[in-house]
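Following: one structure in structure tokens, then a few remarks.
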Amino acid sequence: MPVLTLILVGLLFALPLLAALLAALWPALSGAALSALITDPQFASALCATLISALLGSAAALGGALLIARSLYHSRLWLRLSALFSPMLALPHAAFAIGLVFLIAPGGMLVRLFAAIAGFPVDAPDWVTVNDPLGLALALALCLKEMPFLLWNIALFLARRELAHQTQVAASLGYAPKHIWRWIILPQLLPRLAWPLCAVLAYSLTVIDMAIIAGPGTPPTLAVLLWQWLQEGDPARLAPAMAGSWLLALLSGALLMLFALLWRAWQASHRWPDGQRGQRTTGFGGRLLAISLLAIYGAVILLTLLWSFAGLWLFPEPWPQSLTLAAWQDGGDTLAAHLFSTLALALLSGSAALLLALLWLEYGTEHPAVGSLLLAPLILPQVLLVAGLYRLALPWQLEGSVFSVAWAQLFWVFPYMVIVLAPAYRRFDARYLMLARALGHTRLKACWRVKWPMLARPIAAAAAVGVAVSIAQYLPTLYLGAGRITTLTTEAVALSSGGNRRVMAAYALLTTLLPLIAFMLARTLPDDEKHSV
Amino acid sequence: MKYTLLATLVLSLLSPAARANWDQTLAQARGQTVYFNAWGGSEAINRYIAWAGNETQKRYGVSVKHVKTADTAEVIRRIAAEKAAGRTQGGSVDLVWINGENFRAMKNQALLSAPFARTLPNWRYVDLKKPVERDFAEPTQGLESPWGGAQLTFIADRSRVPAPPDSVASLLAFAKAHPGRVSYPKPPQFHGTSFLKQALLELAPNPALLQQPVTAAVFARETRALWAYLDQLHPLLWRKGQAFAASGEQTLQMMADGELLLGISFNPNEVPNLITAKRLPKTAYSYGHKGGTLANVHFVAIPFNARSAAGAKVLANFLLSPEAQVKKADVAIWGDPSVLDPAKLPAAQGAALRQSATGSLPASVKTLAEPHASWVDALEKEWLRRYGKAGGT
């Protein structure tokens, strides 16, 4: 089994990954490419906007998620709140950004509501809200979108039953919740958040769709600029774009290492509890932030729903002049086909990735070098790997089929599944498996009969994340699909190039629907871990 | 029935050799699937392409799959990659909607099939007075078949702007009177570059030189006035010229959002279209500049490695048919100007093509020829150098 695992992961994932990266590294390896990149007049400002939006967005997402969890983890509100994290996750990044822009743009809903109350002039104010040159609006969008992902990971951790024992002991010793959080939970939680946080930071540095919608334009973020160069199809632009992609990759690697060092330093300086019990705090800040987060998501979803039915809707009207079904009817004939192809791809890449993830976690190695190869697709700019994969597929005529698209999606679905599943998998009580082996089961059978059923809930959660990741994939589907395979997401991008907000809203809701169903299904499974003693 | 008769009539007019060739194409095309890669950002256009595909399926047994793209450069990149990988047949694209610098890029990289436009039976209806054989001053050599016309169109709302600017010079005065209410899409976005070319055609000391491939000396001399103009205009624009609209489509959405007073489009019938679609108010209208506005033709082309080249020709020919062109020009369908000569058509169809809808760009607005395609890249590079960095001038 370990050999089979190695072969499967090697052939489907690791070897093509390395080959694709080599193929993408080749054109970037020249001094001319690098100097063309660095001397481009847009480069410095683009890099600056990238750093500001990614660092601020990721840090704020982490800070916000920790603040909410710290204030609420011991309250009943937390349980109700954690049921809402997955629907927030299901909302695709681009869809969230479109909704947020309509909320906070100068001609957007907030200003319209204010205008309706205060009697504004007919023009929207010439304020700088979204698309600001520093990328602050993009940082806000990233922070709001990534916070539920981190909260969701925190909720998975807080549901552990040993943690309940530990907090009970600490509470019986007179520690207030904030101290329990500080000395018991946080030191265990933060290392487990490392990989999700890496994914968030790397995503923020390389994001394209959200950055186009909410980010700066003159110049855009570095990832968007490189994407535009690649899209130009001009061979002279290709090499600098590839060099820039590697620069982004190096940047995320360096930042991650910096974070790891900071974390070590913090750990070293905060080794022992100081014994102070302190008083209970109100947790007001966290409560307010949680409510604001919910309110923003609620507003974004309601606005998107309203826009998908809106007829003529001019500034400063707070409500459309008429409602229409046009957006839903227009896509009618191809909608079913796209729903089907999207679902088929999600199931195909999701089940393949799940199989790989289970085999990998059971039989694979925990060697850090292998681990970082596994997570490379999440840290590298997506376009780099996709372009390489496409180049590998072309000579074999592999592009343009459902299988090759599912295979390309695997490079993101599989690592995300491992990230989500690994914590639960690694802390599984090994004695169950030993008992099963002692009763004469092979390791595989023991997994099949005992371990995996007991981990059904986290496995289902990982599968749901896999489905959501698959559905969100744009570049792998675009390149490897070669126009033959299209999904809701590629369709949504093509349609949104026309700037029709009504159609964009309808597709945003549709791309939310399938992951939402997956997350809801995952929640219906029994949680053995939580209830067994 | 009427159209079948017409088609028979057309065929009877062709020379016997051409007719035999076309019969052979029709025979090869039957049963083929044509992957038509075309921009998919407009539901009206998507519906029209779906209709055309149904018709070619019914009439010629050619089924059409519309591959909706967000950007035509995507398609060229794909075909170029296929060529680099040695895929000389069985390519992923059979027909591509294209013009301007995209066409030039495909032509220069030899990504197109053999000339075919003049072999299409419906070529006989084409209005040769329109620039149907020069695409941004680049000879088409029959490598692409004309599909529709386009003209740069400015858009405003009668209730807000009763008297629109009629030149780029008066646009500057307008922007002074309404600071922060005017923007244009950021080059190299297509509409943004078109705005630059429009301004250049109005400001250049010798616009005739723009028809020639660009040289450094001519570029410096002819564009000096343009940059001086933009230096004056930018501080008056939306967000003081530190940010720009992302696309022509976005300027129209920003009009509805109350952020801008003027919009920009390349479809002279965009306004009636968007009024019907409830995206602009009934008081919206199109206008042009008194010296005319930039006009061009858009085409369909067959890549060198198309799998279903015969089917692609059948579709291209159908798109050029009087029936398809009249339907396309109808503002309730798409409103894309025809490339056919009304005088060459049967009376009813000719009359249909001469109609104009309310809100459309008036026919009196003159057309200006596109500068040579090589100017596009030069203008974009210089614009980005000067204004691509926020805060820089």
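In the structure tokens, chains take letters A, B, ... by order of appearance, with residues numbered from 1 within each chain and ligands from 1 in the order shown.
Selected on chain A by distance to chain B: Pro41, Gln42, Gly107, Asp123, Ala124, Thr218, Pro219, Gln231, Glu232, Gly233, Gly311, Leu312, Leu314, Phe315, Pro395, Gly483, Ala494, Leu495, Ser496, Ser497, Gly498 and Gly499 of chain A (within 6 Å, counting only C-alpha atoms).
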- Message: Just want the 8 Å neighbourhood of segment 101-106 of chain A, counted on only C-alpha atoms, with same-chain residues fewer than 4 positions away dropped. Output as a PyMOL selection string.
- Response: (chain A and resi 97+110-111+124-130+213-214+299-300+303) or (chain B and resi 259)
- Task: Please provide as a ChimeraX atom specification all residues within 12 Å of Ala324 of chain B, with the sequence filter that same-chain residues fewer than 6 positions apart are discarded (counting only C-alpha atoms).
- Result: /B:3,48-49,51-53,55-56,122,147-148,315-318,330,333-340,349,353
- Query: Which is closest to Val3 of chain A among A:Leu359, A:Val413, A:Ala116, A:Ser470, if we use only C-alpha atoms?
  - Reply: A:Leu359
- Item | Secondary structure check, strand (DSSP E) residues of segment 29-267 of chain B, as a PyMOL selection string | chain B and resi 33-39+63-69+95-98+134-135+138-139+144-151+153-157+263-265
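The space separating atom CA of Leu25 of chain A from atom CA of Gln109 of chain B comes to 23.9 Å.
Interatomic distance, atom CA of Glu317 of chain A against atom CA of Met109 of chain A: 8.9 Å.
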- Message: When you look at Lys366 of chain B with a cut-off of 8 Å (counting only C-alpha atoms), what residues show up, excluding the ones that are within fewer than 4 positions of it in the same chain? I need them as a PyMOL selection string.
- Response: chain B and resi 290-293
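Considering only C-alpha atoms, the residue among A:Thr206, A:Leu226, A:Leu392, A:Ala194 positioned nearest to Met257 of chain A is A:Ala194.
Straight-line separation from atom CA of Asn206 of chain B to atom CA of Val182 of chain B: 27.5 Å.
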- Message: as a PyMOL selection string, please: the residues near segment 14-25 of chain B (cut-off 10 Å, only C-alpha atoms, same-chain neighbours under 4 positions excluded).
- Response: chain B and resi 9-10+29-30+119-121+124+309-314
Could the residues in this selection be saved with C-alpha atoms as an mmCIF file, in the first residue's frame?
data_model
loop_
_atom_site.group_PDB
_atom_site.id
_atom_site.type_symbol
_atom_site.label_atom_id
_atom_site.label_comp_id
_atom_site.auth_asym_id
_atom_site.auth_seq_id
_atom_site.Cartn_x
_atom_site.Cartn_y
_atom_site.Cartn_z
ATOM 1 C CA LEU B 9 -30.682 32.093 -56.975
ATOM 2 C CA VAL B 10 -27.309 32.945 -55.476
ATOM 3 C CA ALA B 29 -19.290 20.343 -43.568
ATOM 4 C CA ARG B 30 -22.328 18.149 -43.017
ATOM 5 C CA THR B 119 -14.938 32.216 -51.952
ATOM 6 C CA LEU B 120 -18.040 32.524 -49.745
ATOM 7 C CA PRO B 121 -21.187 32.723 -51.929
ATOM 8 C CA ARG B 124 -21.366 39.158 -53.423
ATOM 9 C CA ALA B 309 -12.685 24.217 -41.571
ATOM 10 C CA ALA B 310 -15.507 23.375 -44.003
ATOM 11 C CA GLY B 311 -18.119 23.770 -41.274
ATOM 12 C CA ALA B 312 -16.492 27.061 -40.252
ATOM 13 C CA LYS B 313 -16.829 28.352 -43.828
ATOM 14 C CA VAL B 314 -20.491 27.348 -43.902
#
